[in-house]
Amino acid sequence: MVRETRITAHSLATLLFVLAGALSLRSAGATTNESIPLPYQAPNKHVGVATCASSVCHGSVTASAGHDVRLDEFVTWSHQDKHSQAYTALASEKGRSIAAKLGIGDARTAKVCLDCHSDNVSAAQRGKDFTLSDGVSCEACHGGAAPWLASDSAREASYRGNVARGMYPTADVRERATLCLSCHYGNEDKFATHRMMGAGHPRLSFELDTFLALQPPHYRLDEGYQRRKPAYPRAQVWAYGQIAAAQQQLQLLQGPLVQASFVPELALLDCHSCHENPLHRSAWSHGLLTSLTQPGSIPFPEGHLKMVLVIARRVDESAAPDILSLGRALQKAAGENRESVTAASARLARAIAHTAEAAQRHHWARADTTRMLADIVAAGSEGDYRDYISAEQAVMAIELLMIDAAKSIRNLHAPPGNRLEALQGQRSVQSDNRMRTRE
């Protein structure tokens with residue numbers, strides 16, 4: 001089961017406020033890769049982890065220095081990676097409790113659980129060494145290995161060659177984001193519903209760069225990797241993850257989870273508008289994207305959309321005002337009807353698709369990191385991240401962008417105050433842009 005860190009909205013907002021204050025005091029349609037089937041959607045046979053676990057394949061106990069790949073990937077996955085424990089979590093006390101409350105029997109045999117806690121491909125796709133108990137195993141991410149297993153060990157093997165034979169292109173950041181989102185947010189095939197959360201399943205959150213940083217590495221991001229595969233700056237990984245998450249959210253708002261009578265799947269709405277929002281105080285107020293809504297309306301989560309606004313101002317500035325106005329229209333539609341939601345989400349998805357294309361064309365530089373960081377901090381100081389999910393995304397973004405920004409400051413040995421002043425200098429550049437897009 002995915003664990004959710006129990007951080008209050010107040011503590012997240014406080015952390016963001018402190019970070020913003022530290023800087024200010026120093027100076028007064030659809031996803032983009034629909035044509036690429038996800039590993040469980042492709043027809044390739046999944047041969048099982050045991051096939052890859054040989055000591056001369058990917059099962060070495062130590063990393064190899066003489067090969068392009070480490071060769072200890074299986075050991076890293078089986079000993080350190082939480083994905084290898086996803087299936088066993090279904091038999092835990094919490095897993096059994098959730099299954100009992102849902103009335104689905106043994107979670108280890110329930111499709112709704114196996115779809116994300118294992119490599120749940122059809123019986124026809126399972127090789128003789130395949131077993132569901134391996135959890136989220138190699139082929140759950142890299143795709144069924146039968147078509148490319150033999151060629152993978154050949155001297156002339158290449159990443160692009162394997163992809164052409166059916167390997168899922170996890171090194172390509174847009175495809176990687178879509179793959180991770182399929183379980184860590186959900187898609188039309190599998191989704192953690194409000195009913196599941198009511199039974200005890202944690203709320204799902206997603207931020208691609210943070211998730212990658214928390215994973216035990218089973219590859220070396222060295223010069224050899226960059227010759228063979230695409231590699232990206234951290235800020236670009238974060239940007240693609242945010243764009244992909246917003247697109248996935250909008251796609252689901254146009255699908256069957258929004259019922260004809262507009263009794264929506266409640267997990268599509270902002271959980272914390274009801275939960276952990278005490279009614280004994282006047283908590284409701286208009287926000288950046290909710291300026292058109294009425295008291296009592298339950299908004300859609302807007303954390304990813306607010307991050308997309310930051311990205312658009314950097315790579316697709318002319319689209320930022322449209323994204324802002326269309327985002328407000330979507331939140332207003334949340335209190336109206338299904339037709340309004342599907343129409344508003346479709347319009348917003350088209351605008352974000354334009355920004356996704358701009359982000360792909362953009363030549364990402366270190367200045368992008370510091371300017372996006374300055375914009376997020378400026379928005380925090382203006383109160384844009386008062387809701388839990390927006391604060392959650394902003395805190396993760398600030399952490400990774402501050403780490404990344406340190407590399408862009410000319411004198412890395414300068415005192416912290418000088419570094420903050422360098423970041424603050426970028427903030428004024430973004431301030432005018434923010435004011436224009438607020439109009």
# chains A, B, ... in the order shown; residues from 1 in each chain; ligands from 1
call {"tool": "residues_around", "arguments": {"residues": "segment 353-361 of chain A", "least_positions_apart": "6", "cutoff": "7 Å", "atoms": "only C-alpha atoms", "output": "list in words"}}
result
Ile243, Ala312, Val315 and Asp316 of chain A
call {"tool": "write_last_selection", "arguments": {"atoms": "N, CA, C and O atoms", "output": "PDB file, in the first residue's frame"}}
result
ATOM      1  N   ILE A 243       2.998  18.681 -16.092  1.00  0.00           N
ATOM      2  CA  ILE A 243       2.136  18.776 -17.280  1.00  0.00           C
ATOM      3  C   ILE A 243       1.380  17.475 -17.495  1.00  0.00           C
ATOM      4  O   ILE A 243       0.165  17.477 -17.740  1.00  0.00           O
ATOM      5  N   ALA A 312       4.247  27.402 -17.857  1.00  0.00           N
ATOM      6  CA  ALA A 312       3.803  28.106 -19.060  1.00  0.00           C
ATOM      7  C   ALA A 312       4.390  29.505 -19.130  1.00  0.00           C
ATOM      8  O   ALA A 312       4.780  29.981 -20.206  1.00  0.00           O
ATOM      9  N   VAL A 315       7.920  28.847 -20.573  1.00  0.00           N
ATOM     10  CA  VAL A 315       8.165  28.243 -21.887  1.00  0.00           C
ATOM     11  C   VAL A 315       7.108  28.595 -22.925  1.00  0.00           C
ATOM     12  O   VAL A 315       7.307  28.364 -24.113  1.00  0.00           O
ATOM     13  N   ASP A 316       5.969  29.138 -22.473  1.00  0.00           N
ATOM     14  CA  ASP A 316       4.844  29.379 -23.384  1.00  0.00           C
ATOM     15  C   ASP A 316       4.034  30.558 -22.851  1.00  0.00           C
ATOM     16  O   ASP A 316       2.838  30.453 -22.600  1.00  0.00           O
TER      17      ASP A 316
END
call {"tool": "residues_around", "arguments": {"residues": "Gly241 of chain A", "least_positions_apart": "4", "cutoff": "12 Å", "atoms": "only C-alpha atoms", "output": "ChimeraX atom specification"}}
result
/A:31,172-181,184-185,205-212,234-237,245-248,304-305,307-308,311,356,359,393,397
call {"tool": "residues_around", "arguments": {"residues": "Arg108 of chain A", "least_positions_apart": "6", "cutoff": "9 Å", "atoms": "only C-alpha atoms", "output": "JSON, numbers by chain"}}
result
{"A": [87, 88, 90, 91, 114, 117, 132, 133]}
call {"tool": "write_last_selection", "arguments": {"atoms": "C-alpha atoms", "output": "short mmCIF file (atom, residue, chain, number, x, y, z; two decimals), in the first residue's frame"}}
result
data_model
loop_
_atom_site.label_atom_id
_atom_site.label_comp_id
_atom_site.auth_asym_id
_atom_site.auth_seq_id
_atom_site.Cartn_x
_atom_site.Cartn_y
_atom_site.Cartn_z
CA TYR A 87 2.07 -7.53 -3.70
CA THR A 88 3.01 -8.55 -0.15
CA LEU A 90 -1.96 -6.82 0.02
CA ALA A 91 -1.60 -9.52 2.68
CA LEU A 114 -3.56 -6.37 -8.51
CA HIS A 117 0.18 -3.89 -6.76
CA LEU A 132 1.99 -12.16 -9.69
CA SER A 133 3.67 -12.42 -6.30
#
call {"tool": "residues_around", "arguments": {"residues": "segment 187-192 of chain A", "least_positions_apart": "4", "cutoff": "7 Å", "atoms": "only C-alpha atoms", "output": "ChimeraX atom specification"}}
result
/A:115,182,196,252
call {"tool": "write_last_selection", "arguments": {"atoms": "all heavy atoms", "output": "PDB file, in the first residue's frame"}}
result
ATOM      1  N   ASP A 115      -4.062  -4.653 -10.145  1.00  0.00           N
ATOM      2  CA  ASP A 115      -3.733  -3.787 -11.280  1.00  0.00           C
ATOM      3  C   ASP A 115      -2.582  -2.835 -10.974  1.00  0.00           C
ATOM      4  O   ASP A 115      -1.841  -2.449 -11.878  1.00  0.00           O
ATOM      5  CB  ASP A 115      -4.963  -2.985 -11.716  1.00  0.00           C
ATOM      6  CG  ASP A 115      -5.900  -3.794 -12.580  1.00  0.00           C
ATOM      7  OD1 ASP A 115      -5.508  -4.887 -13.033  1.00  0.00           O
ATOM      8  OD2 ASP A 115      -7.038  -3.330 -12.818  1.00  0.00           O
ATOM      9  N   SER A 182      -0.101   6.170 -14.216  1.00  0.00           N
ATOM     10  CA  SER A 182      -1.146   5.169 -14.385  1.00  0.00           C
ATOM     11  C   SER A 182      -1.490   4.482 -13.073  1.00  0.00           C
ATOM     12  O   SER A 182      -2.625   4.028 -12.886  1.00  0.00           O
ATOM     13  CB  SER A 182      -0.735   4.133 -15.438  1.00  0.00           C
ATOM     14  OG  SER A 182       0.356   3.341 -15.001  1.00  0.00           O
ATOM     15  N   MET A 196     -12.575   3.320  -2.132  1.00  0.00           N
ATOM     16  CA  MET A 196     -11.351   2.658  -1.689  1.00  0.00           C
ATOM     17  C   MET A 196     -10.656   3.468  -0.599  1.00  0.00           C
ATOM     18  O   MET A 196     -10.165   2.914   0.390  1.00  0.00           O
ATOM     19  CB  MET A 196     -10.417   2.437  -2.880  1.00  0.00           C
ATOM     20  CG  MET A 196     -10.952   1.434  -3.888  1.00  0.00           C
ATOM     21  SD  MET A 196     -10.026   1.456  -5.447  1.00  0.00           S
ATOM     22  CE  MET A 196      -8.422   0.911  -4.896  1.00  0.00           C
ATOM     23  N   LEU A 252      -9.431  12.398 -17.236  1.00  0.00           N
ATOM     24  CA  LEU A 252     -10.393  11.665 -16.409  1.00  0.00           C
ATOM     25  C   LEU A 252     -11.681  12.457 -16.210  1.00  0.00           C
ATOM     26  O   LEU A 252     -12.759  11.872 -16.057  1.00  0.00           O
ATOM     27  CB  LEU A 252      -9.759  11.324 -15.062  1.00  0.00           C
ATOM     28  CG  LEU A 252      -8.666  10.247 -15.101  1.00  0.00           C
ATOM     29  CD1 LEU A 252      -8.017  10.091 -13.734  1.00  0.00           C
ATOM     30  CD2 LEU A 252      -9.236   8.917 -15.570  1.00  0.00           C
TER      31      LEU A 252
END
call {"tool": "closest_atom_pairs", "arguments": {"of": "segment 163-265 of chain A", "to": "segment 341-347 of chain A", "cutoff": "8 Å", "atoms": "only C-alpha atoms", "output": "JSON lines"}}
result
{"residue": "A:Leu250", "atom": "CA", "partner": "A:Ser345", "partner_atom": "CA", "distance": 5.4}
{"residue": "A:Gln251", "atom": "CA", "partner": "A:Ser345", "partner_atom": "CA", "distance": 7.6}
{"residue": "A:Leu253", "atom": "CA", "partner": "A:Thr342", "partner_atom": "CA", "distance": 6.2}
{"residue": "A:Gln254", "atom": "CA", "partner": "A:Thr342", "partner_atom": "CA", "distance": 4.8}
call {"tool": "write_last_selection", "arguments": {"atoms": "C-alpha atoms", "output": "compact mmCIF listing (two decimals), in the first residue's frame"}}
result
# COMPACT_ATOMS: atom_id res chain seq x y z
CA LEU A 250 -8.35 16.60 -17.29
CA GLN A 251 -8.67 13.40 -19.32
CA LEU A 253 -12.79 14.61 -16.06
CA GLN A 254 -13.98 13.88 -19.58
call {"tool": "residues_around", "arguments": {"residues": "Arg96 of chain A", "least_positions_apart": "4", "cutoff": "12 Å", "atoms": "only C-alpha atoms", "output": "PyMOL selection string"}}
result
chain A and resi 1+88-92+100-110+113+199-201
call {"tool": "select_by_dssp", "arguments": {"residues": "segment 71-256 of chain A", "states": "helix (DSSP H, G or I)", "output": "PDB file with C-alpha atoms, in the first residue's frame"}}
result
ATOM      1  CA  GLU A  73      19.322  -4.205 -11.044  1.00  0.00           C
ATOM      2  CA  PHE A  74      17.482  -7.277  -9.738  1.00  0.00           C
ATOM      3  CA  VAL A  75      19.266  -7.122  -6.367  1.00  0.00           C
ATOM      4  CA  THR A  76      18.550  -3.399  -6.046  1.00  0.00           C
ATOM      5  CA  TRP A  77      14.879  -3.941  -6.898  1.00  0.00           C
ATOM      6  CA  SER A  78      14.358  -6.966  -4.658  1.00  0.00           C
ATOM      7  CA  HIS A  79      16.201  -5.582  -1.602  1.00  0.00           C
ATOM      8  CA  GLN A  80      15.595  -1.829  -1.710  1.00  0.00           C
ATOM      9  CA  LYS A  82       9.245  -0.690  -2.505  1.00  0.00           C
ATOM     10  CA  HIS A  83       7.766  -1.839  -5.825  1.00  0.00           C
ATOM     11  CA  SER A  84       8.986  -5.362  -5.049  1.00  0.00           C
ATOM     12  CA  GLN A  85       6.866  -5.335  -1.868  1.00  0.00           C
ATOM     13  CA  THR A  88       3.009  -8.549  -0.146  1.00  0.00           C
ATOM     14  CA  ALA A  89       1.370  -5.337   1.107  1.00  0.00           C
ATOM     15  CA  LEU A  90      -1.960  -6.822   0.017  1.00  0.00           C
ATOM     16  CA  ALA A  91      -1.603  -9.517   2.678  1.00  0.00           C
ATOM     17  CA  GLU A  93      -3.092  -6.210   8.212  1.00  0.00           C
ATOM     18  CA  LYS A  94      -4.002  -2.971   6.454  1.00  0.00           C
ATOM     19  CA  GLY A  95      -4.400  -4.695   3.094  1.00  0.00           C
ATOM     20  CA  ARG A  96      -6.724  -7.330   4.576  1.00  0.00           C
ATOM     21  CA  SER A  97      -8.706  -4.627   6.389  1.00  0.00           C
ATOM     22  CA  ILE A  98      -9.279  -2.601   3.221  1.00  0.00           C
ATOM     23  CA  ALA A  99     -10.307  -5.681   1.253  1.00  0.00           C
ATOM     24  CA  ALA A 100     -12.732  -6.742   3.983  1.00  0.00           C
ATOM     25  CA  LYS A 101     -14.377  -3.316   4.082  1.00  0.00           C
ATOM     26  CA  LEU A 102     -14.712  -3.313   0.296  1.00  0.00           C
ATOM     27  CA  ALA A 107      -6.853  -8.607  -2.057  1.00  0.00           C
ATOM     28  CA  ARG A 108      -4.223 -10.851  -3.670  1.00  0.00           C
ATOM     29  CA  THR A 109      -6.828 -12.112  -6.125  1.00  0.00           C
ATOM     30  CA  LYS A 111      -8.200  -7.202  -9.978  1.00  0.00           C
ATOM     31  CA  VAL A 112      -8.791  -3.747  -8.499  1.00  0.00           C
ATOM     32  CA  CYS A 113      -5.794  -4.342  -6.196  1.00  0.00           C
ATOM     33  CA  LEU A 114      -3.560  -6.369  -8.508  1.00  0.00           C
ATOM     34  CA  ASP A 115      -3.733  -3.787 -11.280  1.00  0.00           C
ATOM     35  CA  CYS A 116      -1.335  -1.538  -9.344  1.00  0.00           C
ATOM     36  CA  HIS A 117       0.183  -3.887  -6.762  1.00  0.00           C
ATOM     37  CA  ALA A 123      -3.136 -15.130 -18.580  1.00  0.00           C
ATOM     38  CA  ALA A 124      -2.181 -15.299 -22.260  1.00  0.00           C
ATOM     39  CA  GLN A 125       0.645 -12.834 -21.642  1.00  0.00           C
ATOM     40  CA  LEU A 132       1.986 -12.157  -9.693  1.00  0.00           C
ATOM     41  CA  SER A 133       3.668 -12.416  -6.304  1.00  0.00           C
ATOM     42  CA  ASP A 134       6.715 -10.630  -7.712  1.00  0.00           C
ATOM     43  CA  CYS A 138      10.753  -5.366 -14.104  1.00  0.00           C
ATOM     44  CA  GLU A 139       8.244  -5.916 -16.898  1.00  0.00           C
ATOM     45  CA  ALA A 140       5.535  -3.873 -15.173  1.00  0.00           C
ATOM     46  CA  CYS A 141       7.636  -0.853 -16.152  1.00  0.00           C
ATOM     47  CA  HIS A 142       9.879  -2.019 -18.986  1.00  0.00           C
ATOM     48  CA  LEU A 149      15.038 -10.544 -24.209  1.00  0.00           C
ATOM     49  CA  ALA A 150      17.529 -12.333 -26.472  1.00  0.00           C
ATOM     50  CA  SER A 151      18.779  -9.199 -28.190  1.00  0.00           C
ATOM     51  CA  ASP A 152      19.096  -7.269 -24.921  1.00  0.00           C
ATOM     52  CA  TYR A 159      18.062   1.261 -26.105  1.00  0.00           C
ATOM     53  CA  ARG A 160      16.322   2.423 -29.273  1.00  0.00           C
ATOM     54  CA  GLY A 161      16.649  -1.039 -30.775  1.00  0.00           C
ATOM     55  CA  ASN A 162      14.989  -2.602 -27.755  1.00  0.00           C
ATOM     56  CA  VAL A 163      12.252   0.034 -27.836  1.00  0.00           C
ATOM     57  CA  ALA A 164      11.627  -0.789 -31.489  1.00  0.00           C
ATOM     58  CA  VAL A 173      10.479  11.473 -19.667  1.00  0.00           C
ATOM     59  CA  ARG A 174       6.992  11.962 -21.129  1.00  0.00           C
ATOM     60  CA  GLU A 175       6.416   8.219 -21.426  1.00  0.00           C
ATOM     61  CA  ARG A 176       7.897   7.683 -17.974  1.00  0.00           C
ATOM     62  CA  ALA A 177       5.495  10.237 -16.500  1.00  0.00           C
ATOM     63  CA  THR A 178       2.494   8.577 -18.135  1.00  0.00           C
ATOM     64  CA  LEU A 179       3.598   5.168 -16.874  1.00  0.00           C
ATOM     65  CA  CYS A 180       4.081   6.326 -13.282  1.00  0.00           C
ATOM     66  CA  LEU A 181       0.806   8.253 -13.328  1.00  0.00           C
ATOM     67  CA  SER A 182      -1.146   5.169 -14.385  1.00  0.00           C
ATOM     68  CA  CYS A 183      -0.824   3.879 -10.815  1.00  0.00           C
ATOM     69  CA  HIS A 184       0.289   6.863  -8.760  1.00  0.00           C
ATOM     70  CA  HIS A 194     -13.305   7.522  -2.979  1.00  0.00           C
ATOM     71  CA  ARG A 195     -14.822   4.219  -1.848  1.00  0.00           C
ATOM     72  CA  MET A 196     -11.351   2.658  -1.689  1.00  0.00           C
ATOM     73  CA  MET A 197     -10.027   5.619   0.258  1.00  0.00           C
ATOM     74  CA  GLY A 198     -13.000   5.414   2.586  1.00  0.00           C
ATOM     75  CA  LEU A 208       7.806  12.835 -10.856  1.00  0.00           C
ATOM     76  CA  ASP A 209      11.181  14.249  -9.844  1.00  0.00           C
ATOM     77  CA  THR A 210      10.613  13.687  -6.122  1.00  0.00           C
ATOM     78  CA  PHE A 211       9.440  10.134  -6.736  1.00  0.00           C
ATOM     79  CA  LEU A 212      12.518   9.406  -8.864  1.00  0.00           C
ATOM     80  CA  ALA A 213      14.813  10.884  -6.207  1.00  0.00           C
ATOM     81  CA  LEU A 214      13.282   8.579  -3.583  1.00  0.00           C
ATOM     82  CA  GLU A 223      28.187   9.971 -20.004  1.00  0.00           C
ATOM     83  CA  GLY A 224      27.558   6.484 -21.337  1.00  0.00           C
ATOM     84  CA  TYR A 225      23.894   6.685 -20.344  1.00  0.00           C
ATOM     85  CA  GLN A 226      23.550  10.061 -22.016  1.00  0.00           C
ATOM     86  CA  ARG A 227      25.044   8.697 -25.223  1.00  0.00           C
ATOM     87  CA  ARG A 228      22.591   5.806 -25.304  1.00  0.00           C
ATOM     88  CA  ARG A 234      15.798  18.004 -13.037  1.00  0.00           C
ATOM     89  CA  ALA A 235      13.682  21.080 -13.686  1.00  0.00           C
ATOM     90  CA  GLN A 236      12.592  19.614 -17.001  1.00  0.00           C
ATOM     91  CA  VAL A 237      11.669  16.297 -15.380  1.00  0.00           C
ATOM     92  CA  TRP A 238       9.587  18.194 -12.839  1.00  0.00           C
ATOM     93  CA  ALA A 239       7.912  20.235 -15.592  1.00  0.00           C
ATOM     94  CA  TYR A 240       7.012  17.204 -17.686  1.00  0.00           C
ATOM     95  CA  GLY A 241       5.649  15.436 -14.619  1.00  0.00           C
ATOM     96  CA  GLN A 242       3.430  18.385 -13.725  1.00  0.00           C
ATOM     97  CA  ILE A 243       2.136  18.776 -17.280  1.00  0.00           C
ATOM     98  CA  ALA A 244       1.434  15.057 -17.596  1.00  0.00           C
ATOM     99  CA  ALA A 245      -0.392  14.983 -14.251  1.00  0.00           C
ATOM    100  CA  ALA A 246      -2.593  17.939 -15.224  1.00  0.00           C
ATOM    101  CA  GLN A 247      -3.367  16.316 -18.572  1.00  0.00           C
ATOM    102  CA  GLN A 248      -4.248  13.022 -16.891  1.00  0.00           C
ATOM    103  CA  GLN A 249      -6.560  14.787 -14.459  1.00  0.00           C
ATOM    104  CA  LEU A 250      -8.347  16.596 -17.291  1.00  0.00           C
ATOM    105  CA  GLN A 251      -8.668  13.403 -19.318  1.00  0.00           C
ATOM    106  CA  LEU A 252     -10.393  11.665 -16.409  1.00  0.00           C
ATOM    107  CA  LEU A 253     -12.791  14.606 -16.058  1.00  0.00           C
TER     108      LEU A 253
END
call {"tool": "decode", "arguments": {"residues": "segment 230-295 of chain A", "atoms": "C-alpha atoms", "output": "PDB file, in the first residue's frame"}}
result
ATOM      1  CA  PRO A 230      17.776  10.748 -23.448  1.00  0.00           C
ATOM      2  CA  ALA A 231      18.674  12.605 -20.247  1.00  0.00           C
ATOM      3  CA  TYR A 232      17.033  15.706 -18.794  1.00  0.00           C
ATOM      4  CA  PRO A 233      17.722  18.468 -16.279  1.00  0.00           C
ATOM      5  CA  ARG A 234      15.798  18.004 -13.037  1.00  0.00           C
ATOM      6  CA  ALA A 235      13.682  21.080 -13.686  1.00  0.00           C
ATOM      7  CA  GLN A 236      12.592  19.614 -17.001  1.00  0.00           C
ATOM      8  CA  VAL A 237      11.669  16.297 -15.380  1.00  0.00           C
ATOM      9  CA  TRP A 238       9.587  18.194 -12.839  1.00  0.00           C
ATOM     10  CA  ALA A 239       7.912  20.235 -15.592  1.00  0.00           C
ATOM     11  CA  TYR A 240       7.012  17.204 -17.686  1.00  0.00           C
ATOM     12  CA  GLY A 241       5.649  15.436 -14.619  1.00  0.00           C
ATOM     13  CA  GLN A 242       3.430  18.385 -13.725  1.00  0.00           C
ATOM     14  CA  ILE A 243       2.136  18.776 -17.280  1.00  0.00           C
ATOM     15  CA  ALA A 244       1.434  15.057 -17.596  1.00  0.00           C
ATOM     16  CA  ALA A 245      -0.392  14.983 -14.251  1.00  0.00           C
ATOM     17  CA  ALA A 246      -2.593  17.939 -15.224  1.00  0.00           C
ATOM     18  CA  GLN A 247      -3.367  16.316 -18.572  1.00  0.00           C
ATOM     19  CA  GLN A 248      -4.248  13.022 -16.891  1.00  0.00           C
ATOM     20  CA  GLN A 249      -6.560  14.787 -14.459  1.00  0.00           C
ATOM     21  CA  LEU A 250      -8.347  16.596 -17.291  1.00  0.00           C
ATOM     22  CA  GLN A 251      -8.668  13.403 -19.318  1.00  0.00           C
ATOM     23  CA  LEU A 252     -10.393  11.665 -16.409  1.00  0.00           C
ATOM     24  CA  LEU A 253     -12.791  14.606 -16.058  1.00  0.00           C
ATOM     25  CA  GLN A 254     -13.980  13.875 -19.584  1.00  0.00           C
ATOM     26  CA  GLY A 255     -14.491  10.149 -18.989  1.00  0.00           C
ATOM     27  CA  PRO A 256     -16.876   7.778 -17.246  1.00  0.00           C
ATOM     28  CA  LEU A 257     -15.768   8.761 -13.733  1.00  0.00           C
ATOM     29  CA  VAL A 258     -17.906  11.888 -14.177  1.00  0.00           C
ATOM     30  CA  GLN A 259     -21.399  10.410 -14.331  1.00  0.00           C
ATOM     31  CA  ALA A 260     -24.199  11.653 -16.588  1.00  0.00           C
ATOM     32  CA  SER A 261     -26.187  12.884 -13.604  1.00  0.00           C
ATOM     33  CA  PHE A 262     -23.035  14.649 -12.379  1.00  0.00           C
ATOM     34  CA  VAL A 263     -22.495  12.639  -9.268  1.00  0.00           C
ATOM     35  CA  PRO A 264     -18.728  12.649  -9.862  1.00  0.00           C
ATOM     36  CA  GLU A 265     -16.230  10.163  -8.575  1.00  0.00           C
ATOM     37  CA  LEU A 266     -15.431  12.010  -5.349  1.00  0.00           C
ATOM     38  CA  ALA A 267     -11.726  11.168  -5.566  1.00  0.00           C
ATOM     39  CA  LEU A 268     -11.555  13.575  -8.511  1.00  0.00           C
ATOM     40  CA  LEU A 269     -12.415  16.442  -6.167  1.00  0.00           C
ATOM     41  CA  ASP A 270     -10.209  18.204  -3.632  1.00  0.00           C
ATOM     42  CA  CYS A 271     -10.256  15.866  -0.622  1.00  0.00           C
ATOM     43  CA  HIS A 272      -9.222  18.522   1.860  1.00  0.00           C
ATOM     44  CA  SER A 273     -12.136  20.779   0.989  1.00  0.00           C
ATOM     45  CA  CYS A 274     -14.147  18.458   3.233  1.00  0.00           C
ATOM     46  CA  HIS A 275     -11.573  16.465   5.197  1.00  0.00           C
ATOM     47  CA  GLU A 276      -9.333  18.296   7.673  1.00  0.00           C
ATOM     48  CA  ASN A 277     -11.226  21.518   6.950  1.00  0.00           C
ATOM     49  CA  PRO A 278     -12.900  22.414  10.260  1.00  0.00           C
ATOM     50  CA  LEU A 279     -16.308  23.973   9.853  1.00  0.00           C
ATOM     51  CA  HIS A 280     -16.116  25.959  13.095  1.00  0.00           C
ATOM     52  CA  ARG A 281     -14.129  28.674  11.340  1.00  0.00           C
ATOM     53  CA  SER A 282     -14.706  30.636   8.156  1.00  0.00           C
ATOM     54  CA  ALA A 283     -12.225  28.785   5.949  1.00  0.00           C
ATOM     55  CA  TRP A 284     -13.639  29.515   2.495  1.00  0.00           C
ATOM     56  CA  SER A 285     -12.245  32.283   0.348  1.00  0.00           C
ATOM     57  CA  HIS A 286     -11.591  32.959  -3.305  1.00  0.00           C
ATOM     58  CA  GLY A 287      -8.232  31.819  -4.615  1.00  0.00           C
ATOM     59  CA  LEU A 288      -6.159  32.108  -7.765  1.00  0.00           C
ATOM     60  CA  LEU A 289      -8.297  29.568  -9.670  1.00  0.00           C
ATOM     61  CA  THR A 290     -11.497  29.790  -7.645  1.00  0.00           C
ATOM     62  CA  SER A 291     -12.343  33.461  -8.192  1.00  0.00           C
ATOM     63  CA  LEU A 292     -15.545  32.467 -10.052  1.00  0.00           C
ATOM     64  CA  THR A 293     -16.784  29.837  -7.604  1.00  0.00           C
ATOM     65  CA  GLN A 294     -19.395  30.166  -4.887  1.00  0.00           C
ATOM     66  CA  PRO A 295     -19.147  29.269  -1.177  1.00  0.00           C
TER      67      PRO A 295
END
